[in-house]
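Colleague: My structure file upload38.pdb, PDB, C-alpha atoms, is below:
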ATOM      1  CA  MET A  12      -4.143 -17.647 -25.916
ATOM      2  CA  GLU A  13      -3.362 -13.944 -26.050
ATOM      3  CA  ALA A  14      -4.283 -11.600 -23.239
ATOM      4  CA  LYS A  15      -7.084  -9.166 -24.075
ATOM      5  CA  THR A  16      -6.465  -6.966 -21.026
ATOM      6  CA  LYS A  17      -3.727  -6.213 -18.504
ATOM      7  CA  ASP A  18      -6.025  -7.211 -15.652
ATOM      8  CA  LEU A  19      -4.878  -9.492 -12.869
ATOM      9  CA  TRP A  20      -7.391 -12.006 -11.523
ATOM     10  CA  VAL A  21      -7.620 -13.532  -8.067
ATOM     11  CA  PHE A  22      -9.758 -16.637  -7.717
ATOM     12  CA  VAL A  23     -11.655 -16.276  -4.432
ATOM     13  CA  GLU A  24     -12.554 -19.744  -3.226
ATOM     14  CA  THR A  25     -15.718 -20.053  -1.138
ATOM     15  CA  ASN A  26     -16.847 -22.106   1.830
ATOM     16  CA  GLU A  27     -20.022 -24.176   1.896
ATOM     17  CA  ASP A  28     -21.923 -21.249   3.413
ATOM     18  CA  GLY A  29     -20.926 -18.870   0.618
ATOM     19  CA  THR A  30     -18.285 -16.973   2.576
ATOM     20  CA  ALA A  31     -14.804 -16.410   1.197
ATOM     21  CA  LYS A  32     -11.883 -18.566   2.260
ATOM     22  CA  ASN A  33      -9.077 -16.556   3.783
ATOM     23  CA  VAL A  34      -6.521 -17.264   1.086
ATOM     24  CA  GLY A  35      -8.549 -15.586  -1.670
ATOM     25  CA  ILE A  36      -8.870 -12.397   0.370
ATOM     26  CA  GLU A  37      -5.183 -12.587   1.323
ATOM     27  CA  LEU A  38      -4.188 -12.737  -2.349
ATOM     28  CA  LEU A  39      -5.949  -9.463  -3.062
ATOM     29  CA  THR A  40      -3.094  -7.770  -1.155
ATOM     30  CA  PRO A  41      -0.235  -8.754  -3.520
ATOM     31  CA  GLY A  42      -2.751  -8.688  -6.366
ATOM     32  CA  LYS A  43      -3.256  -4.945  -5.904
ATOM     33  CA  MET A  44       0.483  -4.320  -6.136
ATOM     34  CA  MET A  45       0.914  -6.601  -9.131
ATOM     35  CA  ALA A  46      -2.075  -5.183 -11.033
ATOM     36  CA  GLY A  47      -0.632  -1.701 -10.547
ATOM     37  CA  LYS A  48       2.710  -2.765 -12.022
ATOM     38  CA  GLN A  49       0.996  -4.480 -14.948
ATOM     39  CA  GLY A  50      -1.203  -1.463 -15.610
ATOM     40  CA  GLY A  51      -4.503  -3.271 -15.242
ATOM     41  CA  ALA A  52      -7.385  -3.744 -12.824
ATOM     42  CA  LEU A  53      -7.535  -6.131  -9.881
ATOM     43  CA  VAL A  54     -10.404  -8.537 -10.551
ATOM     44  CA  ALA A  55     -11.759 -11.032  -8.029
ATOM     45  CA  VAL A  56     -13.469 -14.111  -9.469
ATOM     46  CA  VAL A  57     -16.060 -15.766  -7.222
ATOM     47  CA  ILE A  58     -17.632 -19.093  -8.199
ATOM     48  CA  GLY A  59     -20.069 -20.884  -5.910
ATOM     49  CA  SER A  60     -23.623 -20.995  -4.624
ATOM     50  CA  ASN A  61     -25.204 -18.100  -2.688
ATOM     51  CA  VAL A  62     -21.895 -16.243  -2.583
ATOM     52  CA  ASP A  63     -23.030 -12.712  -1.691
ATOM     53  CA  ALA A  64     -20.849 -12.717   1.440
ATOM     54  CA  ALA A  65     -17.735 -13.641  -0.563
ATOM     55  CA  VAL A  66     -18.486 -10.984  -3.176
ATOM     56  CA  LYS A  67     -18.845  -8.354  -0.448
ATOM     57  CA  ALA A  68     -15.575  -9.410   1.190
ATOM     58  CA  ALA A  69     -13.681  -9.220  -2.109
ATOM     59  CA  SER A  70     -15.073  -5.757  -2.755
ATOM     60  CA  GLU A  71     -14.170  -4.563   0.742
ATOM     61  CA  HIS A  72     -10.579  -5.804   0.471
ATOM     62  CA  GLY A  73      -9.490  -3.983  -2.637
ATOM     63  CA  ALA A  74     -10.901  -5.613  -5.761
ATOM     64  CA  ASP A  75     -11.693  -3.146  -8.565
ATOM     65  CA  LYS A  76     -14.138  -5.599 -10.121
ATOM     66  CA  VAL A  77     -15.772  -8.831  -8.976
ATOM     67  CA  ILE A  78     -16.895 -11.388 -11.548
ATOM     68  CA  VAL A  79     -19.545 -13.682 -10.061
ATOM     69  CA  VAL A  80     -20.737 -17.101 -11.211
ATOM     70  CA  ASP A  81     -23.502 -18.323  -8.911
ATOM     71  CA  GLY A  82     -25.416 -21.548  -9.364
ATOM     72  CA  PRO A  83     -26.491 -24.740  -7.567
ATOM     73  CA  GLU A  84     -23.972 -26.847  -9.509
ATOM     74  CA  TYR A  85     -21.175 -24.949  -7.755
ATOM     75  CA  ALA A  86     -22.405 -25.606  -4.192
ATOM     76  CA  HIS A  87     -19.670 -28.228  -3.789
ATOM     77  CA  TYR A  88     -16.367 -28.052  -5.621
ATOM     78  CA  THR A  89     -16.059 -30.362  -8.621
ATOM     79  CA  THR A  90     -13.171 -30.243 -11.060
ATOM     80  CA  ASP A  91     -15.373 -30.267 -14.151
ATOM     81  CA  ALA A  92     -17.870 -27.562 -13.182
ATOM     82  CA  TYR A  93     -15.303 -25.111 -11.836
ATOM     83  CA  THR A  94     -12.882 -25.684 -14.712
ATOM     84  CA  ILE A  95     -15.593 -25.088 -17.324
ATOM     85  CA  ALA A  96     -16.772 -21.913 -15.572
ATOM     86  CA  LEU A  97     -13.310 -20.438 -15.031
ATOM     87  CA  CYS A  98     -12.045 -21.264 -18.525
ATOM     88  CA  THR A  99     -15.192 -19.734 -20.047
ATOM     89  CA  LEU A 100     -14.509 -16.509 -18.142
ATOM     90  CA  VAL A 101     -10.819 -16.427 -19.098
ATOM     91  CA  GLU A 102     -11.596 -16.953 -22.774
ATOM     92  CA  LYS A 103     -14.162 -14.124 -22.677
ATOM     93  CA  TYR A 104     -12.176 -11.499 -20.753
ATOM     94  CA  GLY A 105      -8.535 -12.503 -21.386
ATOM     95  CA  PRO A 106      -6.672 -11.528 -18.197
ATOM     96  CA  THR A 107      -2.889 -11.363 -18.281
ATOM     97  CA  SER A 108      -2.351 -13.267 -15.023
ATOM     98  CA  MET A 109      -4.259 -15.147 -12.322
ATOM     99  CA  LEU A 110      -3.615 -16.082  -8.684
ATOM    100  CA  ILE A 111      -5.209 -19.159  -7.112
ATOM    101  CA  GLY A 112      -4.874 -20.219  -3.477
ATOM    102  CA  ALA A 113      -2.895 -23.442  -3.016
ATOM    103  CA  THR A 114      -5.685 -25.174  -1.117
ATOM    104  CA  ASN A 115      -6.701 -28.748  -1.883
ATOM    105  CA  ASN A 116      -9.229 -27.426  -4.400
ATOM    106  CA  GLY A 117      -6.891 -24.776  -5.800
ATOM    107  CA  ARG A 118      -4.150 -27.325  -6.388
ATOM    108  CA  ASP A 119      -6.654 -29.368  -8.361
ATOM    109  CA  LEU A 120      -8.202 -26.471 -10.287
ATOM    110  CA  GLY A 121      -5.019 -24.601 -11.271
ATOM    111  CA  PRO A 122      -3.347 -27.376 -13.310
ATOM    112  CA  ARG A 123      -6.599 -28.346 -15.026
ATOM    113  CA  VAL A 124      -7.296 -24.748 -16.086
ATOM    114  CA  SER A 125      -3.726 -24.095 -17.238
ATOM    115  CA  CYS A 126      -3.693 -27.275 -19.309
ATOM    116  CA  ARG A 127      -7.008 -26.460 -20.975
ATOM    117  CA  LEU A 128      -5.825 -22.917 -21.756
ATOM    118  CA  HIS A 129      -2.415 -24.143 -22.988
ATOM    119  CA  THR A 130      -0.477 -21.956 -20.624
ATOM    120  CA  GLY A 131       1.979 -22.436 -17.762
ATOM    121  CA  LEU A 132       1.397 -22.782 -14.043
ATOM    122  CA  THR A 133       3.792 -22.255 -11.151
ATOM    123  CA  ALA A 134       2.658 -24.200  -8.101
ATOM    124  CA  ASP A 135       2.940 -23.510  -4.382
ATOM    125  CA  CYS A 136       4.417 -20.011  -4.580
ATOM    126  CA  THR A 137       5.623 -18.163  -1.496
ATOM    127  CA  ALA A 138       6.596 -14.814  -3.082
ATOM    128  CA  LEU A 139       5.361 -12.743  -6.040
ATOM    129  CA  ASP A 140       6.595  -9.805  -8.068
ATOM    130  CA  VAL A 141       6.181  -8.292 -11.530
ATOM    131  CA  ASP A 142       8.712  -7.054 -14.068
ATOM    132  CA  GLU A 143       7.101  -3.774 -15.072
ATOM    133  CA  GLU A 144       8.782  -3.608 -18.480
ATOM    134  CA  SER A 145       7.653  -7.035 -19.725
ATOM    135  CA  GLY A 146       4.640  -7.573 -17.463
ATOM    136  CA  ASN A 147       5.959 -11.027 -16.582
ATOM    137  CA  VAL A 148       5.169 -12.283 -13.111
ATOM    138  CA  ALA A 149       8.153 -13.502 -11.100
ATOM    139  CA  TRP A 150       6.789 -16.545  -9.307
ATOM    140  CA  THR A 151       9.010 -17.683  -6.420
ATOM    141  CA  ARG A 152       8.621 -21.141  -4.912
ATOM    142  CA  PRO A 153      10.711 -23.564  -2.840
ATOM    143  CA  ALA A 154      12.705 -26.160  -4.761
ATOM    144  CA  PHE A 155      14.864 -29.179  -3.886
ATOM    145  CA  GLY A 156      13.006 -29.898  -0.676
ATOM    146  CA  GLY A 157      12.964 -26.277   0.387
ATOM    147  CA  ASN A 158      16.753 -25.945   0.313
ATOM    148  CA  LEU A 159      16.626 -23.159  -2.266
ATOM    149  CA  MET A 160      14.085 -20.803  -3.800
ATOM    150  CA  ALA A 161      13.412 -20.805  -7.557
ATOM    151  CA  THR A 162      11.990 -17.831  -9.457
ATOM    152  CA  ILE A 163       9.988 -18.831 -12.526
ATOM    153  CA  LEU A 164       8.761 -16.765 -15.489
ATOM    154  CA  CYS A 165       6.111 -17.528 -18.109
ATOM    155  CA  PRO A 166       7.034 -15.073 -20.898
ATOM    156  CA  ASP A 167       5.351 -16.693 -23.911
ATOM    157  CA  HIS A 168       1.854 -17.703 -22.822
ATOM    158  CA  ARG A 169      -1.128 -15.993 -21.225
ATOM    159  CA  PRO A 170      -2.658 -15.928 -18.767
ATOM    160  CA  GLN A 171       0.202 -16.489 -16.366
ATOM    161  CA  ILE A 172      -1.166 -18.698 -13.574
ATOM    162  CA  GLY A 173       0.195 -19.594 -10.170
ATOM    163  CA  THR A 174      -1.067 -21.192  -6.987
ATOM    164  CA  VAL A 175      -0.001 -19.415  -3.791
ATOM    165  CA  ARG A 176       0.227 -20.840  -0.307
ATOM    166  CA  PRO A 177      -2.362 -19.741   2.248
ATOM    167  CA  GLY A 178      -0.963 -17.602   5.033
ATOM    168  CA  VAL A 179       1.919 -16.150   3.012
ATOM    169  CA  PHE A 180       0.261 -12.740   2.651
ATOM    170  CA  LYS A 181      -1.741 -10.702   5.142
ATOM    171  CA  LYS A 182      -5.309  -9.610   4.525
ATOM    172  CA  SER A 183      -5.700  -5.871   4.094
ATOM    173  CA  ASP A 184      -8.055  -3.968   6.365
ATOM    174  CA  ALA A 185     -11.629  -3.977   5.099
ATOM    175  CA  GLY A 186     -12.765  -0.750   3.459
ATOM    176  CA  GLU A 187     -15.777   0.458   1.564
ATOM    177  CA  ALA A 188     -17.328  -2.087  -0.811
ATOM    178  CA  LYS A 189     -17.133  -0.199  -4.089
ATOM    179  CA  ALA A 190     -16.061  -2.767  -6.687
ATOM    180  CA  GLU A 191     -17.954  -3.136  -9.951
ATOM    181  CA  ILE A 192     -19.978  -6.369  -9.754
ATOM    182  CA  ILE A 193     -20.229  -8.376 -12.980
ATOM    183  CA  LYS A 194     -22.603 -11.352 -12.908
ATOM    184  CA  GLU A 195     -22.062 -14.100 -15.477
ATOM    185  CA  ASP A 196     -24.747 -16.702 -16.159
ATOM    186  CA  ILE A 197     -22.708 -19.859 -16.754
ATOM    187  CA  HIS A 198     -24.396 -23.179 -16.125
ATOM    188  CA  VAL A 199     -22.882 -26.620 -16.567
ATOM    189  CA  ASP A 200     -24.927 -29.604 -17.698
ATOM    190  CA  ALA A 201     -25.053 -32.453 -15.209
ATOM    191  CA  ALA A 202     -23.717 -34.775 -17.923
ATOM    192  CA  ASP A 203     -20.522 -32.684 -18.095
ATOM    193  CA  ILE A 204     -19.821 -33.112 -14.369
ATOM    194  CA  ARG A 205     -18.234 -36.538 -14.133
ATOM    195  CA  THR A 206     -17.928 -36.647 -10.360
ATOM    196  CA  GLN A 207     -20.528 -36.184  -7.659
ATOM    197  CA  VAL A 208     -20.001 -35.288  -4.009
ATOM    198  CA  LEU A 209     -21.872 -37.887  -1.981
ATOM    199  CA  GLU A 210     -20.634 -37.055   1.507
ATOM    200  CA  LEU A 211     -18.122 -34.717   3.136
ATOM    201  CA  ILE A 212     -15.973 -36.379   5.805
ATOM    202  CA  LYS A 213     -13.652 -34.086   7.712
ATOM    203  CA  GLU A 214     -10.346 -35.380   9.014
ATOM    204  CA  ALA A 215     -10.451 -36.270  12.702
ATOM    205  CA  ASP A 216      -9.870 -33.081  14.696
ATOM    206  CA  GLY A 217      -9.470 -31.251  11.395
ATOM    207  CA  GLU A 218     -12.590 -29.131  11.784
ATOM    208  CA  ASN A 219     -11.045 -27.457  14.824
ATOM    209  CA  VAL A 220      -7.721 -26.628  13.180
ATOM    210  CA  ASP A 221      -7.605 -23.272  11.432
ATOM    211  CA  LEU A 222      -3.873 -22.658  11.316
ATOM    212  CA  GLU A 223      -3.998 -20.075   8.524
ATOM    213  CA  GLY A 224      -6.518 -17.925  10.366
ATOM    214  CA  ALA A 225      -5.022 -18.298  13.857
ATOM    215  CA  GLU A 226      -3.596 -15.254  15.617
ATOM    216  CA  ILE A 227      -1.640 -17.371  18.116
ATOM    217  CA  ILE A 228      -0.125 -20.796  17.450
ATOM    218  CA  VAL A 229       1.654 -23.057  19.947
ATOM    219  CA  SER A 230       3.561 -25.797  18.106
ATOM    220  CA  GLY A 231       5.296 -28.947  19.278
ATOM    221  CA  GLY A 232       8.104 -30.803  17.567
ATOM    222  CA  ARG A 233      10.270 -33.867  17.989
ATOM    223  CA  GLY A 234      11.276 -32.580  21.414
ATOM    224  CA  VAL A 235       7.857 -33.356  22.930
ATOM    225  CA  GLY A 236       8.859 -37.030  22.794
ATOM    226  CA  GLY A 237       5.487 -38.591  22.006
ATOM    227  CA  PRO A 238       1.714 -38.061  21.850
ATOM    228  CA  GLU A 239       1.550 -37.394  25.584
ATOM    229  CA  GLY A 240       4.160 -34.667  25.137
ATOM    230  CA  PHE A 241       1.549 -32.519  23.395
ATOM    231  CA  GLU A 242      -0.495 -32.242  26.618
ATOM    232  CA  PRO A 243       1.502 -29.254  28.003
ATOM    233  CA  VAL A 244       1.514 -27.748  24.505
ATOM    234  CA  LYS A 245      -2.281 -28.002  24.347
ATOM    235  CA  ALA A 246      -2.600 -26.657  27.897
ATOM    236  CA  LEU A 247      -0.658 -23.506  26.980
ATOM    237  CA  ALA A 248      -2.683 -23.152  23.771
ATOM    238  CA  ASP A 249      -5.929 -23.388  25.750
ATOM    239  CA  ALA A 250      -4.735 -20.753  28.199
ATOM    240  CA  LEU A 251      -3.814 -18.393  25.368
ATOM    241  CA  GLY A 252      -6.850 -19.156  23.202
ATOM    242  CA  ALA A 253      -4.410 -20.431  20.602
ATOM    243  CA  THR A 254      -4.331 -23.131  17.923
ATOM    244  CA  VAL A 255      -2.046 -26.154  18.272
ATOM    245  CA  GLY A 256       0.536 -26.671  15.536
ATOM    246  CA  ALA A 257       3.226 -29.265  14.948
ATOM    247  CA  SER A 258       6.386 -29.968  13.002
ATOM    248  CA  ARG A 259       6.593 -32.627  10.318
ATOM    249  CA  ALA A 260       8.635 -34.884  12.605
ATOM    250  CA  ALA A 261       5.820 -34.986  15.165
ATOM    251  CA  VAL A 262       3.187 -35.625  12.492
ATOM    252  CA  ASP A 263       5.237 -38.314  10.718
ATOM    253  CA  ALA A 264       5.708 -40.055  14.065
ATOM    254  CA  GLY A 265       1.912 -40.234  14.420
ATOM    255  CA  TRP A 266       1.820 -38.113  17.559
ATOM    256  CA  ILE A 267      -0.714 -35.625  16.152
ATOM    257  CA  ALA A 268      -2.937 -35.311  13.063
ATOM    258  CA  HIS A 269      -1.575 -33.874   9.803
ATOM    259  CA  ALA A 270      -4.121 -31.051  10.028
ATOM    260  CA  HIS A 271      -1.816 -29.458  12.631
ATOM    261  CA  GLN A 272       1.356 -29.541  10.514
ATOM    262  CA  VAL A 273       3.199 -26.283   9.873
ATOM    263  CA  GLY A 274       5.973 -26.080   7.298
ATOM    264  CA  GLN A 275       7.021 -26.848   3.762
ATOM    265  CA  THR A 276       4.726 -29.882   3.475
ATOM    266  CA  GLY A 277       2.086 -28.517   5.843
ATOM    267  CA  LYS A 278       0.487 -25.094   6.295
ATOM    268  CA  THR A 279       2.174 -21.732   5.846
ATOM    269  CA  VAL A 280       1.136 -19.471   8.707
ATOM    270  CA  GLY A 281       1.632 -15.887   9.784
ATOM    271  CA  PRO A 282       0.122 -15.424  13.248
ATOM    272  CA  LYS A 283       0.767 -12.528  15.608
ATOM    273  CA  LEU A 284       2.482 -14.954  18.015
ATOM    274  CA  TYR A 285       4.144 -18.305  17.244
ATOM    275  CA  ILE A 286       5.527 -20.391  20.121
ATOM    276  CA  ALA A 287       7.812 -23.239  19.009
ATOM    277  CA  CYS A 288       8.233 -25.939  21.651
ATOM    278  CA  GLY A 289      10.880 -28.592  21.143
ATOM    279  CA  ILE A 290      11.277 -27.646  17.467
ATOM    280  CA  SER A 291      14.853 -27.546  16.169
ATOM    281  CA  GLY A 292      14.177 -25.118  13.337
ATOM    282  CA  ALA A 293      14.761 -27.122  10.153
ATOM    283  CA  ILE A 294      14.495 -24.994   7.018
ATOM    284  CA  GLN A 295      11.347 -26.827   5.925
ATOM    285  CA  HIS A 296       9.569 -25.809   9.120
ATOM    286  CA  VAL A 297      10.926 -22.271   9.130
ATOM    287  CA  ALA A 298       9.613 -21.773   5.586
ATOM    288  CA  GLY A 299       6.088 -22.226   6.921
ATOM    289  CA  MET A 300       6.192 -19.903   9.944
ATOM    290  CA  SER A 301       8.944 -17.292   9.493
ATOM    291  CA  GLY A 302       6.315 -14.690   8.546
ATOM    292  CA  SER A 303       4.945 -14.678  12.110
ATOM    293  CA  ASP A 304       4.945 -11.267  13.798
ATOM    294  CA  CYS A 305       6.595 -12.592  16.971
ATOM    295  CA  ILE A 306       8.372 -15.937  17.398
ATOM    296  CA  VAL A 307       9.127 -17.474  20.806
ATOM    297  CA  ALA A 308      11.355 -20.569  20.860
ATOM    298  CA  ILE A 309      11.590 -23.030  23.760
ATOM    299  CA  ASN A 310      14.349 -25.615  23.348
ATOM    300  CA  LYS A 311      16.913 -27.265  25.635
ATOM    301  CA  ASP A 312      19.596 -27.053  22.918
ATOM    302  CA  PRO A 313      21.092 -23.535  22.929
ATOM    303  CA  GLU A 314      22.507 -24.159  19.442
ATOM    304  CA  ALA A 315      19.150 -25.052  17.863
ATOM    305  CA  PRO A 316      18.636 -23.152  14.559
ATOM    306  CA  ILE A 317      15.174 -22.011  15.718
ATOM    307  CA  PHE A 318      16.874 -19.431  17.957
ATOM    308  CA  ASP A 319      18.331 -17.750  14.846
ATOM    309  CA  ILE A 320      14.883 -16.527  13.793
ATOM    310  CA  ALA A 321      13.230 -16.246  17.210
ATOM    311  CA  ASP A 322      12.416 -12.858  18.706
ATOM    312  CA  TYR A 323      12.548 -14.407  22.179
ATOM    313  CA  GLY A 324      14.201 -17.636  23.266
ATOM    314  CA  VAL A 325      14.025 -19.827  26.351
ATOM    315  CA  VAL A 326      16.760 -22.428  26.778
ATOM    316  CA  GLY A 327      15.256 -25.131  28.935
ATOM    317  CA  ASN A 328      13.229 -28.319  29.169
ATOM    318  CA  LEU A 329       9.809 -27.638  27.678
ATOM    319  CA  PHE A 330       8.167 -29.913  30.272
ATOM    320  CA  GLU A 331       9.452 -27.572  32.971
ATOM    321  CA  VAL A 332       8.963 -24.299  31.094
ATOM    322  CA  LEU A 333       5.464 -24.788  29.661
ATOM    323  CA  PRO A 334       3.594 -25.516  32.916
ATOM    324  CA  VAL A 335       5.119 -22.403  34.514
ATOM    325  CA  LEU A 336       4.293 -20.302  31.461
ATOM    326  CA  THR A 337       0.743 -21.685  31.378
ATOM    327  CA  GLU A 338       0.170 -20.781  35.033
ATOM    328  CA  GLU A 339       1.476 -17.252  34.485
ATOM    329  CA  VAL A 340      -0.855 -16.801  31.519
ATOM    330  CA  LYS A 341      -3.816 -17.993  33.603
ATOM    331  CA  LYS A 342      -2.900 -15.581  36.415
ATOM    332  CA  ALA A 343      -2.603 -12.679  33.972
ATOM    333  CA  ARG A 344      -6.021 -13.461  32.538
ATOM    334  CA  ALA A 345      -7.750 -14.028  35.850
TER     335      ALA A 345
END
Would you put the structure from the file into structure tokens?
Modeller:
Amino acid sequence: MEAKTKDLWVFVETNEDGTAKNVGIELLTPGKMMAGKQGGALVAVVIGSNVDAAVKAASEHGADKVIVVDGPEYAHYTTDAYTIALCTLVEKYGPTSMLIGATNNGRDLGPRVSCRLHTGLTADCTALDVDEESGNVAWTRPAFGGNLMATILCPDHRPQIGTVRPGVFKKSDAGEAKAEIIKEDIHVDAADIRTQVLELIKEADGENVDLEGAEIIVSGGRGVGGPEGFEPVKALADALGATVGASRAAVDAGWIAHAHQVGQTGKTVGPKLYIACGISGAIQHVAGMSGSDCIVAINKDPEAPIFDIADYGVVGNLFEVLPVLTEEVKKARA
């Protein structure tokens, strides 16, 4: 289809309680820059049930307009209902590009919408830019197992659509809620929704793991040696009020749940402080945490690649270093 406007849309995914998921608000930050280069407005699209809180958050974080679809059929995500609603909006307003968070739901919704609209989709992006002359979005994503970065263009079809990893961009500071609110009455017949959510079962320990929203993360890697090796990692995290992360090697070994995984095949994070314990620094892991404000590496190998990106490094046995560090943190907080 042809674009009717130069507007850029950000799909703001919602939680069960109607609040906005972090990634949608994060994407309003690059969205503002990109909309300016394309010469259009930044439009947040909120679909869900009782989503006033998400609408307010989108307005406070820079959206020029917020398009709202609110109804009971959107209380739980279903591919059919959300695809019908979003495609109906796109066909009516004709944006030139759209950003979707690469969450489980976003990775399902993006391809379905792009296929129905006969346009392209670039998945799992970690960087975004716009060519001002053509208006084409430069979507950058890891390729070949994270060993190189590919930049992809969609010059012939609109809207340009991409899914973007959570945690790649920072949320802007909240300001005055002054966006134009546009409410659309789109309802989907029950017969058109081919799946039904019967029960929500969270992954064991998963409900306590908010890596994308964490300000401090303490991660363990292959160097912890086994499940018991995460005990000093968790002790330091508790002392700091931090979230526990892990490398793929530790997760693949079954030492900790996948919900804790940071990296190319896990979560992309950008905390204020990231402490890497027994993590060598493989490129796949670095891709998921290099945006941290401060990186502390603890590793007994002085040649470990993790020290190349660390702001501070401790060469030593993590089982000796972490208990001392934990005690010092407790003393400082006493």
Colleague: Between A:Met45, A:Ala31, A:Ala315, A:Val80, which is the closest to A:Asn147 once you count all atoms listed in the file?
Modeller: A:Met45
Colleague: Carefully work through the PyMOL selection byres ((chain A and resi 17) around 9) for this structure and note down the residues it includes, as a list in words.
Modeller: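 Given this file, the PyMOL selection byres ((chain A and resi 17) around 9) evaluates to Ala14, Lys15, Thr16, Asp18, Leu19, Ala46, Gln49, Gly50, Gly51, Ala52, Gly105, Pro106, Thr107, Ser108 and Gly146 of chain A.
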Colleague: To verify the selection step, state as a list in words which residues the PyMOL selection byres ((chain A and resi 133) around 8) yields on this input.
Modeller: Gly131, Leu132, Ala134, Asp135, Cys136, Trp150, Arg152, Ile163, Ile172, Gly173 and Thr174 of chain A
Colleague: What is the atom CA of A:Ser291-atom CA of A:Arg233 distance in Å, reported with one decimal?
Modeller: 8.0 Å
Colleague: Figure out the distance between atom CA of A:Arg169 and atom CA of A:Arg123, please, to one decimal in Å.
Modeller: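 One can read the atom CA of A:Arg123 to atom CA of A:Arg169 distance as 14.9 Å.
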Colleague: Can you list, as a ChimeraX atom specification, every protein, DNA or RNA residue that comes within 8 Å of stretch 303-308 of chain A when you count all atoms listed in the file, leaving out same-chain residues fewer than 5 positions away?
Modeller: /A:280-288,290,317-318,320-325
Colleague: Evaluate the PyMOL selection byres ((chain A and resi 327) around 9) and record the selected residues as an NGL selection string, following the chain and residue labels used in the document.
Modeller: :A and (309-313 or 325-326 or 328-332)
Colleague: Assuming the input is short of atoms at stretch 37-41 of chain A, produce all heavy atoms for that part as a PDB file, keeping the file's coordinate frame.
Modeller:
ATOM      1  N   GLU A  37      -6.610 -12.880   1.135  1.00  0.00           N
ATOM      2  CA  GLU A  37      -5.183 -12.587   1.323  1.00  0.00           C
ATOM      3  C   GLU A  37      -4.509 -12.229   0.003  1.00  0.00           C
ATOM      4  O   GLU A  37      -3.690 -11.304  -0.065  1.00  0.00           O
ATOM      5  CB  GLU A  37      -4.475 -13.804   1.925  1.00  0.00           C
ATOM      6  CG  GLU A  37      -4.856 -14.128   3.359  1.00  0.00           C
ATOM      7  CD  GLU A  37      -4.365 -15.498   3.818  1.00  0.00           C
ATOM      8  OE1 GLU A  37      -3.708 -16.190   2.992  1.00  0.00           O
ATOM      9  OE2 GLU A  37      -4.638 -15.865   4.955  1.00  0.00           O
ATOM     10  N   LEU A  38      -4.852 -12.942  -1.058  1.00  0.00           N
ATOM     11  CA  LEU A  38      -4.188 -12.737  -2.349  1.00  0.00           C
ATOM     12  C   LEU A  38      -4.563 -11.418  -3.012  1.00  0.00           C
ATOM     13  O   LEU A  38      -3.889 -10.980  -3.950  1.00  0.00           O
ATOM     14  CB  LEU A  38      -4.496 -13.908  -3.286  1.00  0.00           C
ATOM     15  CG  LEU A  38      -3.848 -15.237  -2.903  1.00  0.00           C
ATOM     16  CD1 LEU A  38      -4.228 -16.329  -3.884  1.00  0.00           C
ATOM     17  CD2 LEU A  38      -2.330 -15.091  -2.848  1.00  0.00           C
ATOM     18  N   LEU A  39      -5.622 -10.781  -2.525  1.00  0.00           N
ATOM     19  CA  LEU A  39      -5.949  -9.463  -3.062  1.00  0.00           C
ATOM     20  C   LEU A  39      -4.892  -8.431  -2.668  1.00  0.00           C
ATOM     21  O   LEU A  39      -4.735  -7.410  -3.342  1.00  0.00           O
ATOM     22  CB  LEU A  39      -7.325  -9.017  -2.560  1.00  0.00           C
ATOM     23  CG  LEU A  39      -8.523  -9.824  -3.082  1.00  0.00           C
ATOM     24  CD1 LEU A  39      -9.792  -9.425  -2.356  1.00  0.00           C
ATOM     25  CD2 LEU A  39      -8.682  -9.636  -4.588  1.00  0.00           C
ATOM     26  N   THR A  40      -4.137  -8.703  -1.593  1.00  0.00           N
ATOM     27  CA  THR A  40      -3.094  -7.770  -1.155  1.00  0.00           C
ATOM     28  C   THR A  40      -1.941  -7.709  -2.150  1.00  0.00           C
ATOM     29  O   THR A  40      -1.634  -6.629  -2.677  1.00  0.00           O
ATOM     30  CB  THR A  40      -2.596  -8.144   0.253  1.00  0.00           C
ATOM     31  OG1 THR A  40      -3.700  -8.093   1.165  1.00  0.00           O
ATOM     32  CG2 THR A  40      -1.518  -7.185   0.721  1.00  0.00           C
ATOM     33  N   PRO A  41      -1.269  -8.835  -2.475  1.00  0.00           N
ATOM     34  CA  PRO A  41      -0.235  -8.754  -3.520  1.00  0.00           C
ATOM     35  C   PRO A  41      -0.839  -8.473  -4.889  1.00  0.00           C
ATOM     36  O   PRO A  41      -0.196  -7.871  -5.754  1.00  0.00           O
ATOM     37  CB  PRO A  41       0.433 -10.129  -3.482  1.00  0.00           C
ATOM     38  CG  PRO A  41      -0.619 -11.036  -2.947  1.00  0.00           C
ATOM     39  CD  PRO A  41      -1.372 -10.205  -1.930  1.00  0.00           C
TER      40      PRO A  41
END
